[in-house]
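First comes the structure, then the notes that go with it.
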2 protein chains.
Amino acid sequence: MAGKVRVSSYAVSADGFGAGPDQSLETPLGVGGEGMHRWFFPTATFQSMYGAGQGETGVDDDFARRGMAGLGAWILGRNMFAHSRGPWPEDDKWKGWWGEEPPYRCPVFILTHHARPSFEMKGGTVFHFVTEGIEAALERARAAAGDLDIRIGGGAETIRQYLTAGLIDEMHIAVSPVLLGRGEPLWAGLDLLALGYDIRESMAGERATHLVIGRKETV
Amino acid sequence: MAGKVRVSSYAVSADGFGAGPDQSLETPLGVGGEGMHRWFFPTATFQSMYGAGQGETGVDDDFARRGMAGLGAWILGRNMFAHSRGPWPEDDKWKGWWGEEPPYRCPVFILTHHARPSFEMKGGTVFHFVTEGIEAALERARAAAGDLDIRIGGGAETIRQYLTAGLIDEMHIAVSPVLLGRGEPLWAGLDLLALGYDIRESMAGERATHLVIGRKETV
């Protein structure tokens, strides 16, 4: 059985933005964007990936852990991988935001208009660059993931494209109690009801409200 | 001391709509819009206003009760008062959605492009029709409310106009775990941070997440 295609632990602000404006090397999540992720940083799941401390357990951590479990491949928009835009420099030193040993530990397919050779990092993460669009990336991710799930990591525009194409099976959104005012909107102009989705689960966490969106049940 | 200008118990869907599409006599909240209000109907506050039962107490009810306390005047967009559009019929029988004894029990100022005489209902509600715009309506509401608060009841477009003009002191939003897909957007294109607002309080209720938005503290 093929794994699910899912979005997990995707944080949006109360006013509906998935990232702040003006992404740069200094502000990879856009201006103010880190505020949306305040629910995630203290979790035991995040701390075990990056941190020094033990981290907290609870509802937020349960969702964070579910988001990392059973994954066989990731798909990321190029802006999730790099702050640069346009063609890759010939001798590109940029290996992503995550240091020598990224937390993915499986194939990661980056959507881009500019080809670049694949490369492998410590811990099993392999970055591939896909120029043929979202369906081609999903096909390659399926082949890599086998029975495991494929996680669409973001950003907002990438998720919107996959939702619009009806290719996402399940989406966990963490709504954070912050305002961004500007940035990358997740919901704007996206008629999720018409696309066949509704809300399956809603749960208050310690620092965010968790929504699980799935395909409407058809009898 | 003048009362606050506030929005209270204003429900939005998870995807940011304050009402569904296609408002009509049969669907005053727009198609699917009643789903956003599911947190409000069971509360003791709502039941004491309209219902037969006792209603439930708890976080949702606390917010609903705060929303009704200390009010001296309301301001409503015309679509909150009527499903009709355009000039009022000369002998208009429409007295609002709320029956003979509306729950306001104070002056209610309706924003409209079409003049209509004021009239009083049982229980002290007086409907006034203001054609000179949002600031004129607020002036009249202030004069009527004295030291009590003024509640901007909605709809989304009316709230957006008052926010854009910087005239709202406090806004309580109940974010409901439903998707609408289409309708009247509350947040779209509104940079609340730039307008000087941020989130003061976030609390999980029984059936909605409550956000209180206020002016940023200035030292």
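Each chain in the structure tokens gets a letter, A, B, ..., in the order shown, and its residues are numbered from 1; ligands are numbered from 1 in order too.
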
Can you list every residue of chain A that has an atom at most 7 Å from chain B, with its nearest atom pair and the distance in Å to one decimal, using only C-alpha atoms, ordered by chain then number, as a Markdown table?
| residue | atom | partner | partner_atom | distance |
| --- | --- | --- | --- | --- |
| A:Asp15 | CA | B:Trp187 | CA | 5.6 |
| A:Pro177 | CA | B:Ser202 | CA | 6.2 |
| A:Val178 | CA | B:Ile199 | CA | 6.1 |
| A:Leu179 | CA | B:Asp198 | CA | 6.3 |
| A:Leu180 | CA | B:Leu193 | CA | 6.5 |
| A:Gly181 | CA | B:Asp191 | CA | 3.9 |
| A:Arg182 | CA | B:Asp191 | CA | 6.0 |
| A:Trp187 | CA | B:Asp15 | CA | 5.7 |
| A:Leu190 | CA | B:Gly181 | CA | 6.5 |
| A:Asp191 | CA | B:Gly181 | CA | 3.8 |
| A:Leu192 | CA | B:Gly181 | CA | 5.2 |
| A:Leu193 | CA | B:Gly181 | CA | 5.3 |
| A:Ala194 | CA | B:Gly181 | CA | 6.9 |
| A:Asp198 | CA | B:Leu179 | CA | 6.3 |
| A:Ile199 | CA | B:Val178 | CA | 6.1 |
| A:Ser202 | CA | B:Pro177 | CA | 6.2 |
| A:Ala204 | CA | B:Ala204 | CA | 5.9 |

**Those of segment 12-188 of chain A in DSSP alpha helix (DSSP H), formatted as an NGL selection string** = :A and (44-50 or 59-68 or 78-81 or 134-145 or 156-164)

**Message:** Neighbouring residues of Ser8 of chain B were defined as those with any atom within 10 Å, considering only C-alpha atoms; residues of the same chain fewer than 2 positions away were excluded. Please report them as a list in words.
**Reply:** Val5, Arg6, Tyr10, Ala11, Phe63, Ala64, Arg65, Arg66, Gly67, Met68, Arg151, Ile152, Gly153, Gly154, Glu170, Met171, His172, Ile173, Ala174 and Val212 of chain B

**Residue list (strand (DSSP E or B), DSSP) for segment 2-188 of chain B, as a PyMOL selection string** = chain B and resi 5-13+17-19+43+56+71-77+107-111+119-120+126-130+149-154+170-176+184-185

Go ahead and write the residues just picked, N, CA and C atoms, as a short mmCIF file (atom, residue, chain, number, x, y, z; two decimals), in the first residue's frame.
data_model
loop_
_atom_site.label_atom_id
_atom_site.label_comp_id
_atom_site.auth_asym_id
_atom_site.auth_seq_id
_atom_site.Cartn_x
_atom_site.Cartn_y
_atom_site.Cartn_z
N VAL B 5 -14.24 50.90 22.05
CA VAL B 5 -14.85 50.45 20.80
C VAL B 5 -14.34 49.04 20.57
N ARG B 6 -15.26 48.08 20.55
CA ARG B 6 -14.76 46.71 20.48
C ARG B 6 -15.60 45.79 19.60
N VAL B 7 -14.91 44.77 19.14
CA VAL B 7 -15.53 43.64 18.45
C VAL B 7 -15.52 42.50 19.46
N SER B 8 -16.63 41.79 19.57
CA SER B 8 -16.69 40.70 20.54
C SER B 8 -17.38 39.50 19.92
N SER B 9 -16.94 38.32 20.31
CA SER B 9 -17.60 37.08 19.89
C SER B 9 -17.74 36.99 18.38
N TYR B 10 -16.78 37.59 17.66
CA TYR B 10 -16.88 37.53 16.21
C TYR B 10 -16.23 36.23 15.72
N ALA B 11 -17.04 35.40 15.10
CA ALA B 11 -16.57 34.07 14.71
C ALA B 11 -15.96 34.10 13.31
N VAL B 12 -14.80 33.49 13.17
CA VAL B 12 -14.23 33.27 11.84
C VAL B 12 -13.91 31.79 11.67
N SER B 13 -13.94 31.35 10.44
CA SER B 13 -13.58 29.97 10.13
C SER B 13 -12.06 29.84 10.18
N PHE B 17 -12.74 33.19 7.14
CA PHE B 17 -13.95 33.87 6.68
C PHE B 17 -14.87 34.22 7.84
N GLY B 18 -15.46 35.41 7.77
CA GLY B 18 -16.39 35.85 8.80
C GLY B 18 -17.84 35.51 8.47
N ALA B 19 -18.09 35.12 7.24
CA ALA B 19 -19.42 34.67 6.82
C ALA B 19 -19.23 33.85 5.55
N THR B 43 -23.91 28.13 24.58
CA THR B 43 -23.51 28.84 25.80
C THR B 43 -24.73 29.31 26.60
N GLU B 56 -24.58 26.06 28.54
CA GLU B 56 -23.35 25.58 29.18
C GLU B 56 -22.51 26.75 29.67
N LEU B 71 -22.40 47.21 27.37
CA LEU B 71 -22.55 47.83 26.04
C LEU B 71 -23.57 48.96 26.08
N GLY B 72 -23.22 50.08 25.44
CA GLY B 72 -24.14 51.21 25.36
C GLY B 72 -24.65 51.48 23.96
N ALA B 73 -24.02 50.87 22.97
CA ALA B 73 -24.47 51.05 21.58
C ALA B 73 -23.79 49.98 20.70
N TRP B 74 -24.44 49.68 19.60
CA TRP B 74 -23.88 48.76 18.61
C TRP B 74 -23.79 49.48 17.27
N ILE B 75 -22.85 49.00 16.44
CA ILE B 75 -22.80 49.43 15.04
C ILE B 75 -22.79 48.16 14.18
N LEU B 76 -23.67 48.11 13.20
CA LEU B 76 -23.76 46.95 12.31
C LEU B 76 -23.68 47.40 10.86
N GLY B 77 -23.02 46.63 10.05
CA GLY B 77 -23.16 46.81 8.61
C GLY B 77 -24.57 46.43 8.19
N PRO B 107 -29.26 51.54 21.62
CA PRO B 107 -29.25 52.01 20.23
C PRO B 107 -28.33 51.18 19.35
N VAL B 108 -28.79 50.89 18.14
CA VAL B 108 -28.01 50.14 17.16
C VAL B 108 -27.94 50.99 15.89
N PHE B 109 -26.73 51.29 15.46
CA PHE B 109 -26.54 52.14 14.29
C PHE B 109 -26.18 51.27 13.09
N ILE B 110 -27.02 51.34 12.06
CA ILE B 110 -26.84 50.51 10.87
C ILE B 110 -26.19 51.35 9.78
N LEU B 111 -25.04 50.87 9.29
CA LEU B 111 -24.36 51.57 8.18
C LEU B 111 -25.06 51.22 6.88
N PHE B 119 -36.44 53.43 14.24
CA PHE B 119 -37.63 52.88 14.90
C PHE B 119 -37.20 52.07 16.12
N GLU B 120 -38.13 51.99 17.06
CA GLU B 120 -37.83 51.33 18.33
C GLU B 120 -38.52 49.98 18.41
N VAL B 126 -33.22 50.43 19.68
CA VAL B 126 -33.64 51.42 18.68
C VAL B 126 -32.70 51.31 17.49
N PHE B 127 -33.26 51.06 16.33
CA PHE B 127 -32.45 50.97 15.12
C PHE B 127 -32.37 52.34 14.44
N HIS B 128 -31.13 52.79 14.23
CA HIS B 128 -30.89 54.03 13.50
C HIS B 128 -30.14 53.70 12.21
N PHE B 129 -30.34 54.48 11.19
CA PHE B 129 -29.71 54.22 9.90
C PHE B 129 -28.81 55.39 9.55
N VAL B 130 -27.52 55.07 9.37
CA VAL B 130 -26.51 56.12 9.20
C VAL B 130 -25.96 56.06 7.78
N ASP B 149 -19.39 50.74 26.54
CA ASP B 149 -18.66 50.35 25.34
C ASP B 149 -19.56 50.34 24.11
N ILE B 150 -18.89 50.45 22.97
CA ILE B 150 -19.56 50.37 21.67
C ILE B 150 -19.09 49.10 21.00
N ARG B 151 -20.02 48.28 20.58
CA ARG B 151 -19.63 47.03 19.94
C ARG B 151 -19.88 47.11 18.43
N ILE B 152 -18.81 46.83 17.69
CA ILE B 152 -18.93 46.74 16.23
C ILE B 152 -19.33 45.29 15.94
N GLY B 153 -20.57 45.09 15.54
CA GLY B 153 -21.09 43.73 15.44
C GLY B 153 -20.65 42.98 14.20
N GLY B 154 -20.26 43.71 13.18
CA GLY B 154 -19.89 43.10 11.91
C GLY B 154 -20.71 43.72 10.81
N GLU B 170 -10.32 46.99 20.84
CA GLU B 170 -10.15 45.59 21.24
C GLU B 170 -11.05 44.71 20.39
N MET B 171 -10.52 43.54 20.04
CA MET B 171 -11.28 42.66 19.15
C MET B 171 -11.15 41.22 19.64
N HIS B 172 -12.26 40.64 20.01
CA HIS B 172 -12.28 39.22 20.38
C HIS B 172 -12.81 38.40 19.21
N ILE B 173 -11.97 37.48 18.76
CA ILE B 173 -12.30 36.63 17.63
C ILE B 173 -12.39 35.19 18.13
N ALA B 174 -13.44 34.49 17.74
CA ALA B 174 -13.55 33.07 18.05
C ALA B 174 -13.25 32.30 16.77
N VAL B 175 -12.12 31.63 16.75
CA VAL B 175 -11.73 30.88 15.56
C VAL B 175 -12.33 29.48 15.66
N SER B 176 -13.21 29.17 14.73
CA SER B 176 -13.93 27.89 14.77
C SER B 176 -13.26 26.86 13.88
N GLU B 184 -16.88 35.89 3.15
CA GLU B 184 -16.38 37.21 3.48
C GLU B 184 -15.09 37.07 4.28
N PRO B 185 -13.93 37.39 3.69
CA PRO B 185 -12.68 37.23 4.42
C PRO B 185 -12.50 38.32 5.46
#

**Complete:** In terms of only C-alpha atoms, the residue from B:Leu167, B:Trp94, B:Glu100, B:Gly20 at minimal distance from Met36 of chain B is B:Gly20

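Residues with any atom within 7 Å of segment 78-86 of chain B, counting only C-alpha atoms and excluding same-chain neighbours fewer than 6 positions away, are Gln23, Ser24, Leu25, Pro28, Gly96, Trp97, Ile110, Leu111, Thr112, Gly154 and Gly155 of chain B.
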